[in-house]
file entry-v4.tsv (TSV, C-alpha atoms and all ligand atoms)
chain	number	residue	atom	x	y	z
A	1	MET	CA	87.61	117.81	205.35
A	2	ARG	CA	85.50	120.63	206.76
A	3	THR	CA	84.04	123.16	204.38
A	4	ALA	CA	85.70	125.93	206.34
A	5	ASP	CA	89.11	124.45	205.58
A	6	ILE	CA	88.33	124.19	201.89
A	7	ASP	CA	87.06	127.77	201.89
A	8	ARG	CA	90.31	128.87	203.48
A	9	ILE	CA	92.31	127.18	200.75
A	10	LEU	CA	90.08	128.62	198.03
A	11	LYS	CA	90.49	132.06	199.50
A	12	LYS	CA	94.24	131.67	199.67
A	13	HIS	CA	94.19	131.13	195.91
A	14	ASP	CA	91.78	133.98	195.31
A	15	TYR	CA	89.09	131.65	193.87
A	16	LYS	CA	91.10	131.62	190.65
A	17	LYS	CA	90.07	129.00	188.12
A	18	SER	CA	93.63	128.66	186.94
A	19	ALA	CA	94.70	127.69	190.44
A	20	LEU	CA	92.74	124.44	190.36
A	21	ILE	CA	95.83	122.25	190.57
A	22	PRO	CA	97.43	124.00	193.56
A	23	ILE	CA	94.03	124.08	195.25
A	24	LEU	CA	93.59	120.35	194.89
A	25	GLN	CA	97.18	119.85	196.02
A	26	ASP	CA	96.54	121.88	199.17
A	27	ILE	CA	93.34	119.99	199.89
A	28	GLN	CA	95.09	116.70	199.43
A	29	ALA	CA	97.95	117.80	201.66
A	30	GLY	CA	95.48	118.31	204.47
A	31	HIS	CA	93.13	115.45	203.81
A	32	ARG	CA	95.43	112.88	202.09
A	33	TRP	CA	92.86	112.20	199.36
A	34	LEU	CA	90.09	113.92	197.41
A	35	PRO	CA	86.54	112.84	198.29
A	36	MET	CA	83.71	113.24	195.78
A	37	GLU	CA	81.91	115.86	197.89
A	38	THR	CA	85.05	117.97	198.06
A	39	LEU	CA	85.49	117.95	194.29
A	40	LYS	CA	81.84	118.88	193.83
A	41	TYR	CA	82.21	121.71	196.30
A	42	VAL	CA	85.34	123.04	194.58
A	43	SER	CA	83.65	122.80	191.18
A	44	GLU	CA	80.69	124.83	192.43
A	45	LYS	CA	82.77	127.47	194.17
A	46	LEU	CA	85.12	128.00	191.25
A	47	ASP	CA	82.38	127.64	188.66
A	48	ILE	CA	84.29	124.97	186.78
A	49	PRO	CA	82.24	122.09	185.32
A	50	LEU	CA	82.52	119.03	187.53
A	51	ILE	CA	83.74	116.91	184.64
A	52	ASP	CA	86.77	119.19	184.19
A	53	VAL	CA	87.69	118.90	187.85
A	54	TYR	CA	87.24	115.14	187.67
A	55	SER	CA	89.27	114.87	184.43
A	56	LEU	CA	92.13	116.75	186.01
A	57	ALA	CA	92.03	114.80	189.26
A	58	THR	CA	92.12	111.48	187.41
A	59	PHE	CA	94.84	112.62	184.99
A	60	TYR	CA	97.56	113.23	187.56
A	61	LYS	CA	98.74	110.23	189.46
A	62	SER	CA	99.61	112.30	192.49
A	63	PHE	CA	95.93	112.94	193.17
A	64	SER	CA	94.12	110.15	194.92
A	65	LEU	CA	90.37	109.70	194.67
A	66	LYS	CA	90.50	106.73	197.03
A	67	PRO	CA	90.98	107.05	200.79
A	68	ARG	CA	94.64	106.84	201.76
A	69	GLY	CA	96.20	105.72	205.01
A	70	LYS	CA	98.08	107.84	207.52
A	71	HIS	CA	101.40	107.04	205.90
A	72	VAL	CA	101.91	106.83	202.17
A	73	VAL	CA	104.64	104.41	201.16
A	74	THR	CA	105.92	104.93	197.63
A	75	ALA	CA	108.24	102.39	196.09
A	76	CYS	CA	110.22	103.42	193.04
A	77	CYS	CA	109.85	101.13	190.01
A	78	GLY	CA	112.05	103.19	187.71
A	79	THR	CA	114.79	101.56	185.66
A	80	ALA	CA	117.67	102.30	187.99
A	81	CYS	CA	115.78	101.16	191.07
A	82	HIS	CA	114.54	98.14	189.17
A	83	VAL	CA	118.02	96.85	188.35
A	84	ARG	CA	119.13	97.48	191.91
A	85	GLY	CA	116.41	95.25	193.33
A	86	GLY	CA	113.35	97.47	193.43
A	87	PRO	CA	110.90	94.68	192.62
A	88	LYS	CA	112.12	92.62	195.59
A	89	VAL	CA	111.68	95.59	197.90
A	90	LEU	CA	108.19	96.17	196.55
A	91	GLN	CA	107.32	92.51	197.09
A	92	GLU	CA	108.63	92.68	200.64
A	93	LEU	CA	106.54	95.80	201.29
A	94	GLN	CA	103.47	93.96	200.04
A	95	ASN	CA	104.25	90.94	202.22
A	96	GLU	CA	104.81	93.07	205.31
A	97	LEU	CA	101.70	95.20	204.83
A	98	HIS	CA	99.54	92.39	203.44
A	99	ILE	CA	98.21	94.68	200.72
A	100	GLY	CA	98.79	95.15	197.01
A	101	VAL	CA	99.87	98.24	195.13
A	102	ASP	CA	97.42	101.17	195.40
A	103	GLU	CA	95.76	99.57	198.42
A	104	THR	CA	95.42	100.68	202.02
A	105	THR	CA	95.79	98.53	205.13
A	106	PRO	CA	92.46	97.85	206.92
A	107	ASP	CA	93.61	99.86	209.97
A	108	LYS	CA	94.19	102.84	207.58
A	109	THR	CA	97.82	103.20	208.62
A	110	PHE	CA	99.64	102.55	205.35
A	111	THR	CA	98.92	103.04	201.67
A	112	LEU	CA	101.28	101.45	199.18
A	113	GLU	CA	101.95	103.19	195.89
A	114	THR	CA	104.53	102.99	193.12
A	115	VAL	CA	106.25	105.62	191.05
A	116	ARG	CA	108.48	105.60	187.95
A	117	CYS	CA	111.73	107.27	188.95
A	118	LEU	CA	112.00	110.06	191.48
A	119	GLY	CA	115.16	111.49	189.97
A	120	ALA	CA	117.35	110.22	192.78
A	121	CYS	CA	118.55	107.07	191.08
A	122	ALA	CA	121.89	107.07	192.90
A	123	LEU	CA	120.00	106.30	196.09
A	124	GLY	CA	118.14	103.32	194.60
A	125	PRO	CA	116.33	101.18	195.39
A	126	LEU	CA	114.30	104.00	196.76
A	127	VAL	CA	111.28	103.98	199.06
A	128	VAL	CA	109.63	107.23	200.04
A	129	ILE	CA	107.47	107.36	203.14
A	130	ASP	CA	105.52	110.55	203.81
A	131	GLY	CA	107.93	112.47	201.62
A	132	LYS	CA	111.05	111.20	203.39
A	133	TYR	CA	113.52	109.36	201.15
A	134	HIS	CA	114.79	106.01	202.33
A	135	GLY	CA	117.63	105.13	199.96
A	136	GLN	CA	119.56	101.89	199.50
A	137	MET	CA	116.54	99.99	200.66
A	138	ASN	CA	116.71	96.21	200.88
A	139	THR	CA	114.35	93.48	201.95
A	140	LYS	CA	115.91	93.25	205.40
A	141	LYS	CA	115.40	96.93	206.17
A	142	VAL	CA	111.75	97.03	205.08
A	143	ALA	CA	110.13	95.66	208.24
A	144	SER	CA	112.09	97.83	210.67
A	145	THR	CA	111.50	100.98	208.63
A	146	LEU	CA	107.77	100.36	208.49
A	147	LYS	CA	107.68	99.69	212.23
A	148	LYS	CA	109.10	103.13	212.96
A	149	TYR	CA	106.20	104.73	211.09
A	150	ALA	CA	103.55	102.40	212.50
A	151	LYS	CA	104.43	103.71	215.97
A	152	LYS	CA	104.29	107.35	214.95
A	153	LYS	CA	100.89	108.92	215.52
A	154	LYS	CA	101.33	111.16	212.47
B	1	MET	CA	94.11	136.49	151.00
B	2	ILE	CA	96.77	133.85	151.53
B	3	GLU	CA	98.37	132.16	148.57
B	4	MET	CA	99.56	128.59	148.80
B	5	THR	CA	100.26	125.64	146.54
B	6	VAL	CA	98.15	122.51	146.90
B	7	ASP	CA	99.17	119.48	144.86
B	8	GLY	CA	100.98	121.80	142.50
B	9	ILE	CA	98.01	124.10	141.98
B	10	PRO	CA	98.22	127.70	143.19
B	11	VAL	CA	95.26	128.43	145.48
B	12	GLN	CA	93.98	131.42	147.40
B	13	VAL	CA	92.31	131.15	150.78
B	14	GLU	CA	90.96	133.50	153.34
B	15	GLU	CA	93.04	134.33	156.32
B	16	GLY	CA	92.29	132.32	159.42
B	17	SER	CA	91.26	129.16	157.62
B	18	THR	CA	92.94	125.83	158.15
B	19	VAL	CA	94.74	123.85	155.51
B	20	LEU	CA	91.81	121.43	155.52
B	21	ASP	CA	89.31	124.20	154.79
B	22	ALA	CA	91.46	125.46	151.95
B	23	VAL	CA	92.00	122.07	150.35
B	24	ARG	CA	88.35	121.09	150.64
B	25	PHE	CA	87.26	124.40	149.19
B	26	TYR	CA	89.14	123.49	146.05
B	27	GLY	CA	87.38	120.14	145.90
B	28	ILE	CA	90.25	117.93	146.90
B	29	GLU	CA	89.14	115.09	149.14
B	30	ILE	CA	90.84	114.53	152.45
B	31	PRO	CA	89.47	111.88	154.79
B	32	THR	CA	88.63	113.06	158.30
B	33	LEU	CA	87.16	111.49	161.36
B	34	CYS	CA	87.47	113.73	164.38
B	35	HIS	CA	86.78	116.92	162.42
B	36	HIS	CA	83.19	118.08	162.30
B	37	ASP	CA	81.79	121.32	160.97
B	38	GLY	CA	80.37	123.27	163.88
B	39	LEU	CA	82.74	121.79	166.43
B	40	SER	CA	86.19	122.98	167.37
B	41	GLU	CA	89.19	121.16	165.92
B	42	TYR	CA	90.78	118.54	168.12
B	43	GLY	CA	93.38	116.77	165.99
B	44	ALA	CA	92.95	113.35	167.51
B	45	CYS	CA	92.59	110.93	164.60
B	46	ARG	CA	95.38	112.30	162.36
B	47	LEU	CA	93.54	110.90	159.32
B	48	CYS	CA	93.62	114.29	157.66
B	49	VAL	CA	97.43	114.24	157.35
B	50	VAL	CA	99.05	116.16	154.55
B	51	GLU	CA	102.68	116.74	153.72
B	52	ILE	CA	103.92	120.30	153.94
B	53	GLY	CA	107.21	121.80	152.89
B	54	LYS	CA	109.64	120.61	150.26
B	55	GLY	CA	112.44	118.10	150.09
B	56	GLU	CA	114.11	117.11	153.31
B	57	ASN	CA	112.10	119.55	155.37
B	58	ALA	CA	108.76	118.07	154.33
B	59	LYS	CA	106.75	116.89	157.27
B	60	LEU	CA	103.37	115.38	158.00
B	61	VAL	CA	100.84	117.54	159.81
B	62	SER	CA	97.15	117.21	160.56
B	63	SER	CA	95.49	119.57	158.09
B	64	CYS	CA	92.45	120.23	160.30
B	65	THR	CA	94.56	121.95	162.93
B	66	TYR	CA	97.23	123.51	160.70
B	67	PRO	CA	96.58	127.15	159.83
B	68	ALA	CA	96.95	128.16	156.19
B	69	GLU	CA	100.14	130.14	155.68
B	70	GLN	CA	101.44	132.34	152.92
B	71	GLY	CA	103.51	130.31	150.46
B	72	LEU	CA	102.76	126.96	152.06
B	73	PHE	CA	103.50	123.98	149.85
B	74	VAL	CA	100.97	121.22	150.49
B	75	ARG	CA	100.75	117.70	149.12
B	76	THR	CA	97.56	115.86	149.95
B	77	ASN	CA	98.23	112.52	148.31
B	78	SER	CA	101.95	111.88	148.37
B	79	GLN	CA	103.20	108.37	148.94
B	80	ARG	CA	104.11	109.23	152.48
B	81	VAL	CA	100.65	110.63	153.19
B	82	VAL	CA	98.80	107.69	151.69
B	83	SER	CA	100.80	105.08	153.56
B	84	ALA	CA	100.47	107.02	156.83
B	85	ARG	CA	96.71	107.21	156.36
B	86	LYS	CA	96.44	103.52	155.63
B	87	MET	CA	98.38	102.71	158.75
B	88	LEU	CA	96.12	104.97	160.80
B	89	VAL	CA	93.04	103.26	159.42
B	90	GLU	CA	94.50	99.89	160.26
B	91	LEU	CA	95.03	101.04	163.81
B	92	LEU	CA	91.49	102.40	163.96
B	93	VAL	CA	90.05	99.09	162.77
B	94	ALA	CA	92.09	97.31	165.42
B	95	MET	CA	90.57	99.61	168.01
B	96	CYS	CA	87.00	99.56	166.84
B	97	PRO	CA	86.12	96.96	164.18
B	98	SER	CA	82.40	97.35	164.84
B	99	SER	CA	82.19	100.93	163.55
B	100	LYS	CA	80.74	101.54	160.11
B	101	THR	CA	82.59	104.82	159.77
B	102	VAL	CA	85.90	103.11	160.36
B	103	GLN	CA	85.07	100.18	158.05
B	104	ASP	CA	84.03	102.59	155.31
B	105	LEU	CA	87.34	104.40	155.63
B	106	ALA	CA	89.15	101.08	155.40
B	107	SER	CA	87.32	100.16	152.19
B	108	ALA	CA	87.79	103.60	150.68
B	109	MET	CA	91.52	103.38	151.26
B	110	GLU	CA	91.80	99.80	150.15
B	111	VAL	CA	92.96	98.57	153.49
B	112	THR	CA	92.52	94.84	153.15
B	113	GLN	CA	94.51	93.55	156.08
B	114	VAL	CA	94.96	94.49	159.70
B	115	ARG	CA	98.33	93.61	161.11
B	116	PHE	CA	97.49	94.57	164.67
B	117	LYS	CA	95.72	92.69	167.40
B	118	VAL	CA	92.06	93.55	166.96
B	119	ASP	CA	90.27	94.38	170.16
B	120	ARG	CA	86.63	93.46	169.81
B	121	MET	CA	85.74	94.54	173.31
B	122	ASN	CA	86.95	98.07	172.80
B	123	ASP	CA	84.69	100.58	171.12
B	124	CYS	CA	85.68	104.15	171.80
B	125	ILE	CA	88.45	105.51	169.62
B	126	LEU	CA	88.83	108.63	171.76
B	127	CYS	CA	88.02	110.99	168.91
B	128	GLY	CA	86.49	113.42	171.40
B	129	LEU	CA	83.53	114.26	169.15
B	130	CYS	CA	81.02	113.47	171.89
B	131	VAL	CA	82.82	115.68	174.40
B	132	ARG	CA	82.87	118.63	172.02
B	133	MET	CA	79.27	118.03	170.94
B	134	CYS	CA	78.13	118.02	174.55
B	135	GLU	CA	80.08	121.14	175.42
B	136	GLU	CA	79.83	123.25	172.30
B	137	GLN	CA	76.43	122.41	170.85
B	138	MET	CA	74.44	121.13	173.83
B	139	MET	CA	76.03	123.48	176.35
B	140	ALA	CA	75.93	120.72	178.91
B	141	LYS	CA	79.50	119.62	179.60
B	142	ALA	CA	78.30	116.39	181.11
B	143	ILE	CA	81.01	114.09	179.80
B	144	GLY	CA	84.74	114.28	179.31
B	145	PHE	CA	88.02	112.42	179.18
B	146	VAL	CA	89.17	110.84	182.41
B	147	ASN	CA	92.34	108.98	183.40
B	148	ARG	CA	95.22	108.84	181.01
B	149	GLY	CA	97.36	106.56	178.90
B	150	LYS	CA	95.77	103.25	178.12
B	151	ASN	CA	93.10	103.85	180.76
B	152	ARG	CA	91.83	107.02	179.12
B	153	LYS	CA	88.10	106.89	178.53
B	154	ILE	CA	84.98	108.98	178.15
B	155	THR	CA	82.65	109.13	181.09
B	156	THR	CA	80.62	111.28	183.44
B	157	PRO	CA	82.09	112.54	186.73
B	158	PHE	CA	82.66	109.55	189.05
B	159	ASP	CA	80.97	107.28	186.48
B	160	LEU	CA	77.64	108.32	187.99
B	161	LYS	CA	74.52	109.61	186.30
B	162	SER	CA	75.28	113.21	185.48
B	163	ASP	CA	73.24	116.06	186.96
B	164	VAL	CA	73.82	118.28	183.94
B	165	CYS	CA	73.21	115.79	181.11
B	166	ARG	CA	70.00	116.69	179.34
B	167	THR	CA	69.70	113.24	177.71
B	168	CYS	CA	69.60	114.89	174.31
B	169	GLY	CA	71.46	112.03	172.66
B	170	GLY	CA	73.82	114.38	170.84
B	171	CYS	CA	76.83	112.38	171.97
B	172	LEU	CA	75.36	109.14	170.62
B	173	TYR	CA	74.37	110.79	167.39
B	174	ILE	CA	77.86	111.97	166.59
B	175	CYS	CA	79.84	109.00	167.90
B	176	PRO	CA	81.50	107.05	165.05
B	177	ALA	CA	81.84	104.01	167.28
B	178	CYS	CA	78.12	103.88	168.03
B	179	GLU	CA	77.22	103.48	164.37
B	180	LEU	CA	77.44	99.74	163.82
B	181	ARG	CA	78.87	98.21	160.68
B	182	CYS	CA	76.50	96.57	158.23
B	183	GLN	CA	76.96	93.07	159.65
B	184	GLY	CA	76.29	94.15	163.22
B	185	PRO	CA	78.62	93.94	166.19
B	186	ASN	CA	79.43	90.22	165.94
B	187	ALA	CA	80.67	90.01	162.35
B	188	ASP	CA	82.85	87.03	161.42
B	189	THR	CA	85.72	89.06	160.06
B	190	ASP	CA	87.60	92.01	161.49
B	191	LEU	CA	87.51	93.86	158.19
B	192	CYS	CA	84.31	94.31	156.24
B	193	ASN	CA	85.59	95.37	152.80
B	194	ALA	CA	82.17	94.55	151.33
B	195	CYS	CA	82.20	97.82	149.40
B	196	LEU	CA	85.44	96.73	147.78
B	197	ASN	CA	83.77	93.64	146.39
B	198	VAL	CA	80.52	95.02	145.05
B	199	GLN	CA	80.45	96.46	141.58
B	200	PRO	CA	78.32	99.59	141.26
B	201	VAL	CA	75.49	98.83	138.83
B	202	CYS	CA	76.11	102.01	136.86
B	203	LEU	CA	79.60	100.98	135.91
B	204	LYS	CA	78.36	97.82	134.23
B	205	GLU	CA	75.50	99.51	132.42
B	206	GLU	CA	76.98	102.82	131.42
B	207	ASP	CA	80.68	102.11	131.34
B	208	ASP	CA	80.98	105.26	133.45
B	209	LYS	CA	80.34	105.85	137.08
B	210	MET	CA	77.03	107.70	137.34
B	211	CYS	CA	76.76	108.12	141.09
B	212	PHE	CA	78.48	111.23	142.28
B	213	LEU	CA	78.18	110.51	145.94
B	214	GLU	CA	81.25	110.12	148.05
B	215	THR	CA	83.59	107.75	146.28
B	216	CYS	CA	83.37	104.22	147.56
B	217	GLY	CA	86.39	102.01	147.67
B	218	TRP	CA	85.26	99.93	144.75
B	219	CYS	CA	85.36	102.82	142.36
B	220	TYR	CA	88.95	103.53	143.30
B	221	GLU	CA	89.83	99.94	142.51
B	222	GLU	CA	87.96	99.97	139.25
B	223	LEU	CA	89.61	103.21	138.22
B	224	GLY	CA	92.98	101.67	138.99
B	225	ARG	CA	92.19	98.64	136.87
B	226	LYS	CA	91.04	100.82	133.99
B	227	LYS	CA	94.18	102.88	134.20
B	228	LYS	CA	96.35	99.78	134.02
B	229	LYS	CA	94.41	98.54	130.99
B	230	MET	CA	94.89	101.89	129.28
B	231	GLU	CA	98.58	101.86	130.03
B	232	LYS	CA	98.94	98.42	128.48
B	233	LYS	CA	97.28	99.62	125.32
A	301	LIG	S1	73.03	113.24	176.05
A	301	LIG	FE1	74.00	114.23	177.83
A	301	LIG	S2	76.16	113.69	177.62
A	301	LIG	FE2	75.22	113.35	175.61
A	301	LIG	S3	75.49	115.28	174.47
A	301	LIG	FE3	73.47	115.37	175.47
A	301	LIG	S4	73.88	116.43	177.39
A	301	LIG	FE4	75.87	115.71	176.65
A	302	LIG	S1	82.53	107.79	172.66
A	302	LIG	FE1	82.39	107.93	170.40
A	302	LIG	S2	82.42	110.11	169.94
A	302	LIG	FE2	83.12	109.88	172.05
A	302	LIG	S3	85.36	109.80	171.86
A	302	LIG	FE3	84.61	107.68	171.86
A	302	LIG	S4	84.39	107.17	169.68
A	302	LIG	FE4	84.53	109.42	169.82
A	303	LIG	S1	114.73	104.85	189.10
A	303	LIG	FE1	114.18	105.09	191.17
A	303	LIG	S2	114.76	107.14	191.49
A	303	LIG	FE2	115.26	106.89	189.40
A	304	LIG	S1	90.36	115.17	161.23
A	304	LIG	FE1	92.26	116.13	161.49
A	304	LIG	S2	93.09	114.95	163.11
A	304	LIG	FE2	91.11	114.06	162.92
call {"tool": "encode", "arguments": {"input": "entry-v4.tsv", "output": "structure tokens"}}
result
Amino acid sequence: MRTADIDRILKKHDYKKSALIPILQDIQAGHRWLPMETLKYVSEKLDIPLIDVYSLATFYKSFSLKPRGKHVVTACCGTACHVRGGPKVLQELQNELHIGVDETTPDKTFTLETVRCLGACALGPLVVIDGKYHGQMNTKKVASTLKKYAKKKK
Amino acid sequence: MIEMTVDGIPVQVEEGSTVLDAVRFYGIEIPTLCHHDGLSEYGACRLCVVEIGKGENAKLVSSCTYPAEQGLFVRTNSQRVVSARKMLVELLVAMCPSSKTVQDLASAMEVTQVRFKVDRMNDCILCGLCVRMCEEQMMAKAIGFVNRGKNRKITTPFDLKSDVCRTCGGCLYICPACELRCQGPNADTDLCNACLNVQPVCLKEEDDKMCFLETCGWCYEELGRKKKKMEKK
């Protein structure tokens, strides 16, 4: 991410220390993950010790300190999704993408993540791709759904 | 001045002090681990538990973080408190059997068994003393807590050598896990309890305990035995 973009986000939040979380969220929305240099830059600009920024970024699971692919695939492992076959869907996703959980495909297209309940249990088993909910997922639908995203540029 | 009752005794304390301050001021011992004079309170170890309130409403709180209140009714050594403390020490030993501080606490509280899986590879008990030392006394803020849940640990940003650490060693100095137990890190047993098995020389010679240092576990035991003898008589 370019420094100018980060500056814009910082300015939007008025360089407020208390806005650290929304700032990191905005940066991640644009860049998909939080590189070390970016965190250092934010820490300097906001005058927050680097360790505090790092503590916060590692505390919340929604922040990623590892590069993520173009599309983030999140499989729900919550109780409701689990009993409806979530684990099978997750396994199928791993087989299709040839990666494990929290990993990114070598071509940087997909990142696979898990989550514990998204609060939409009635739709389970649930898979979220780039924020779009794909409910009633099953092993047969996995490949075709992924294909749709693989074709998309972004 | 605030007036409260501690172990049945009416006490007066200054406003703004914690229950721990008040109780210690009156000479009542409360074990602590994550509390340190000169550092802010953190309330991580819970060893300083006391029971407040009466009857059904009585509850356990950590005295180091609980502000003294007018009319507070405090019990520092109720059955509930003692058994809670013992359980906490057991858990601490399971987390860090190589620490002298933790082993001493175990002996002092007569903890002679650990019913949990002891993790010999783990050291840090997440008391946060090092983090507060670094921030509040060394003004460095080089280390802190990262991750969460079972992955929570103390480290520098990105696990790299910190730019702001002044290598003062303050964090090592204060860390209870860094102080090794008497037998070293590879002791045969999980619990040391050596202090429970050694008779202070003074007791044999003088028939009274002459050392007025912090009570060791043995003295507690001996006192107990004496009491029983007296009761029999
Ligand atoms: S040695 Fe470094 S990390 Fe430890 S207290 Fe000193 S400044 Fe902080
Ligand atoms: S490293 Fe030591 S002082 Fe720091 S939290 Fe762990 S046990 Fe406590
Ligand atoms: S368990 Fe998957 S959305 Fe609730
Ligand atoms: S000393 Fe009070 S919680 Fe640790």
call {"tool": "closest_atom_pairs", "arguments": {"input": "entry-v4.tsv", "of": "chain A", "to": "chain B", "cutoff": "7 Å", "atoms": "all atoms listed in the file", "output": "Markdown table"}}
result
| residue | atom | partner | partner_atom | distance |
| --- | --- | --- | --- | --- |
| A:Pro49 | CA | B:Lys141 | CA | 6.8 |
| A:Leu50 | CA | B:Pro157 | CA | 6.6 |
| A:Ile51 | CA | B:Pro157 | CA | 5.1 |
| A:Tyr54 | CA | B:Pro157 | CA | 5.8 |
| A:Ser55 | CA | B:Val146 | CA | 4.5 |
| A:Thr58 | CA | B:Asn147 | CA | 4.7 |
| A:Phe59 | CA | B:Asn147 | CA | 4.7 |
call {"tool": "atom_distance", "arguments": {"input": "entry-v4.tsv", "atom1": "atom CA of A:Arg68", "atom2": "atom CA of A:Val53"}}
result
19.7 Å
call {"tool": "atom_distance", "arguments": {"input": "entry-v4.tsv", "atom1": "atom CA of B:Val49", "atom2": "atom CA of B:Ser62"}}
result
4.4 Å
call {"tool": "atom_distance", "arguments": {"input": "entry-v4.tsv", "atom1": "atom CA of B:Gly169", "atom2": "atom S3 of ligand LIG 301 (chain A)"}}
result
5.5 Å
call {"tool": "closest_atom_pairs", "arguments": {"input": "entry-v4.tsv", "of": "chain B", "to": "ligand LIG 304 (chain A)", "cutoff": "7 Å", "atoms": "only C-alpha atoms and all ligand atoms", "output": "CSV"}}
result
residue,atom,partner,partner_atom,distance
B:Thr32,CA,A:LIG304,S1,4.0
B:Leu33,CA,A:LIG304,S1,4.9
B:Cys34,CA,A:LIG304,FE2,3.9
B:His35,CA,A:LIG304,S1,4.2
B:Tyr42,CA,A:LIG304,S2,6.6
B:Gly43,CA,A:LIG304,S2,3.4
B:Ala44,CA,A:LIG304,S2,4.7
B:Cys45,CA,A:LIG304,FE2,3.8
B:Arg46,CA,A:LIG304,S2,3.6
B:Leu47,CA,A:LIG304,FE2,5.4
B:Cys48,CA,A:LIG304,FE1,4.5
B:Val49,CA,A:LIG304,FE1,6.9
B:Ser62,CA,A:LIG304,FE1,5.1
B:Ser63,CA,A:LIG304,FE1,5.8
B:Cys64,CA,A:LIG304,FE1,4.3
B:Thr65,CA,A:LIG304,FE1,6.4
call {"tool": "residues_around", "arguments": {"input": "entry-v4.tsv", "residues": "B:Glu3", "least_positions_apart": "2", "cutoff": "10 Å", "atoms": "all atoms listed in the file", "output": "list of chain:residue names"}}
result
B:Met1, B:Thr5, B:Val6, B:Pro10, B:Val11, B:Gln12, B:Val13, B:Glu14, B:Glu15, B:Ala68, B:Glu69, B:Gln70, B:Gly71, B:Leu72, B:Phe73
call {"tool": "write_last_selection", "arguments": {"input": "entry-v4.tsv", "atoms": "C-alpha atoms", "output": "tab-separated table (two decimals), keeping the file's coordinate frame"}}
result
chain	number	residue	atom	x	y	z
B	1	MET	CA	94.11	136.49	151.00
B	5	THR	CA	100.26	125.64	146.54
B	6	VAL	CA	98.15	122.51	146.90
B	10	PRO	CA	98.22	127.70	143.19
B	11	VAL	CA	95.26	128.43	145.48
B	12	GLN	CA	93.98	131.42	147.40
B	13	VAL	CA	92.31	131.15	150.78
B	14	GLU	CA	90.96	133.50	153.34
B	15	GLU	CA	93.04	134.33	156.32
B	68	ALA	CA	96.95	128.16	156.19
B	69	GLU	CA	100.14	130.14	155.68
B	70	GLN	CA	101.44	132.34	152.92
B	71	GLY	CA	103.51	130.31	150.46
B	72	LEU	CA	102.76	126.96	152.06
B	73	PHE	CA	103.50	123.98	149.85
call {"tool": "residues_near_ligand", "arguments": {"input": "entry-v4.tsv", "ligand": "ligand LIG 303 (chain A)", "cutoff": "7 Å", "atoms": "all atoms listed in the file", "output": "number ranges by chain"}}
result
A: 76-82, 116-121, 124-126
call {"tool": "closest_residue", "arguments": {"input": "entry-v4.tsv", "among": "B:Asn122, B:Ser17, B:Thr167, B:Ser98", "to": "ligand LIG 301 (chain A)", "atoms": "all atoms listed in the file"}}
result
B:Thr167
call {"tool": "decode", "arguments": {"input": "entry-v4.tsv", "residues": "stretch 108-119 of chain B", "atoms": "N, CA and C atoms", "output": "PDB file, in the first residue's frame"}}
result
ATOM      1  N   ALA B 108       4.315 -22.761  50.883  1.00  0.00           N
ATOM      2  CA  ALA B 108       3.714 -21.928  51.924  1.00  0.00           C
ATOM      3  C   ALA B 108       2.243 -22.255  52.110  1.00  0.00           C
ATOM      4  N   MET B 109       1.593 -22.721  51.060  1.00  0.00           N
ATOM      5  CA  MET B 109       0.167 -23.013  51.181  1.00  0.00           C
ATOM      6  C   MET B 109      -0.095 -24.494  51.317  1.00  0.00           C
ATOM      7  N   GLU B 110       0.957 -25.229  51.548  1.00  0.00           N
ATOM      8  CA  GLU B 110       0.836 -26.671  51.741  1.00  0.00           C
ATOM      9  C   GLU B 110       0.160 -27.353  50.565  1.00  0.00           C
ATOM     10  N   VAL B 111       0.515 -26.933  49.401  1.00  0.00           N
ATOM     11  CA  VAL B 111       0.021 -27.631  48.215  1.00  0.00           C
ATOM     12  C   VAL B 111       0.990 -28.776  47.945  1.00  0.00           C
ATOM     13  N   THR B 112       0.517 -30.000  48.127  1.00  0.00           N
ATOM     14  CA  THR B 112       1.426 -31.135  48.021  1.00  0.00           C
ATOM     15  C   THR B 112       1.090 -32.044  46.845  1.00  0.00           C
ATOM     16  N   GLN B 113       0.112 -31.641  46.057  1.00  0.00           N
ATOM     17  CA  GLN B 113      -0.167 -32.426  44.861  1.00  0.00           C
ATOM     18  C   GLN B 113      -0.633 -31.481  43.766  1.00  0.00           C
ATOM     19  N   VAL B 114      -0.381 -31.880  42.537  1.00  0.00           N
ATOM     20  CA  VAL B 114      -0.862 -31.095  41.403  1.00  0.00           C
ATOM     21  C   VAL B 114      -1.705 -32.022  40.543  1.00  0.00           C
ATOM     22  N   ARG B 115      -2.979 -31.680  40.458  1.00  0.00           N
ATOM     23  CA  ARG B 115      -3.883 -32.595  39.753  1.00  0.00           C
ATOM     24  C   ARG B 115      -4.017 -32.272  38.275  1.00  0.00           C
ATOM     25  N   PHE B 116      -3.235 -31.296  37.814  1.00  0.00           N
ATOM     26  CA  PHE B 116      -3.340 -30.919  36.408  1.00  0.00           C
ATOM     27  C   PHE B 116      -2.125 -31.400  35.635  1.00  0.00           C
ATOM     28  N   LYS B 117      -2.267 -31.424  34.336  1.00  0.00           N
ATOM     29  CA  LYS B 117      -1.143 -31.834  33.497  1.00  0.00           C
ATOM     30  C   LYS B 117      -0.083 -30.745  33.593  1.00  0.00           C
ATOM     31  N   VAL B 118       1.100 -31.128  34.017  1.00  0.00           N
ATOM     32  CA  VAL B 118       2.166 -30.137  34.194  1.00  0.00           C
ATOM     33  C   VAL B 118       2.906 -29.954  32.884  1.00  0.00           C
ATOM     34  N   ASP B 119       3.021 -28.699  32.495  1.00  0.00           N
ATOM     35  CA  ASP B 119       3.669 -28.392  31.225  1.00  0.00           C
ATOM     36  C   ASP B 119       5.084 -27.896  31.493  1.00  0.00           C
TER      37      ASP B 119
END
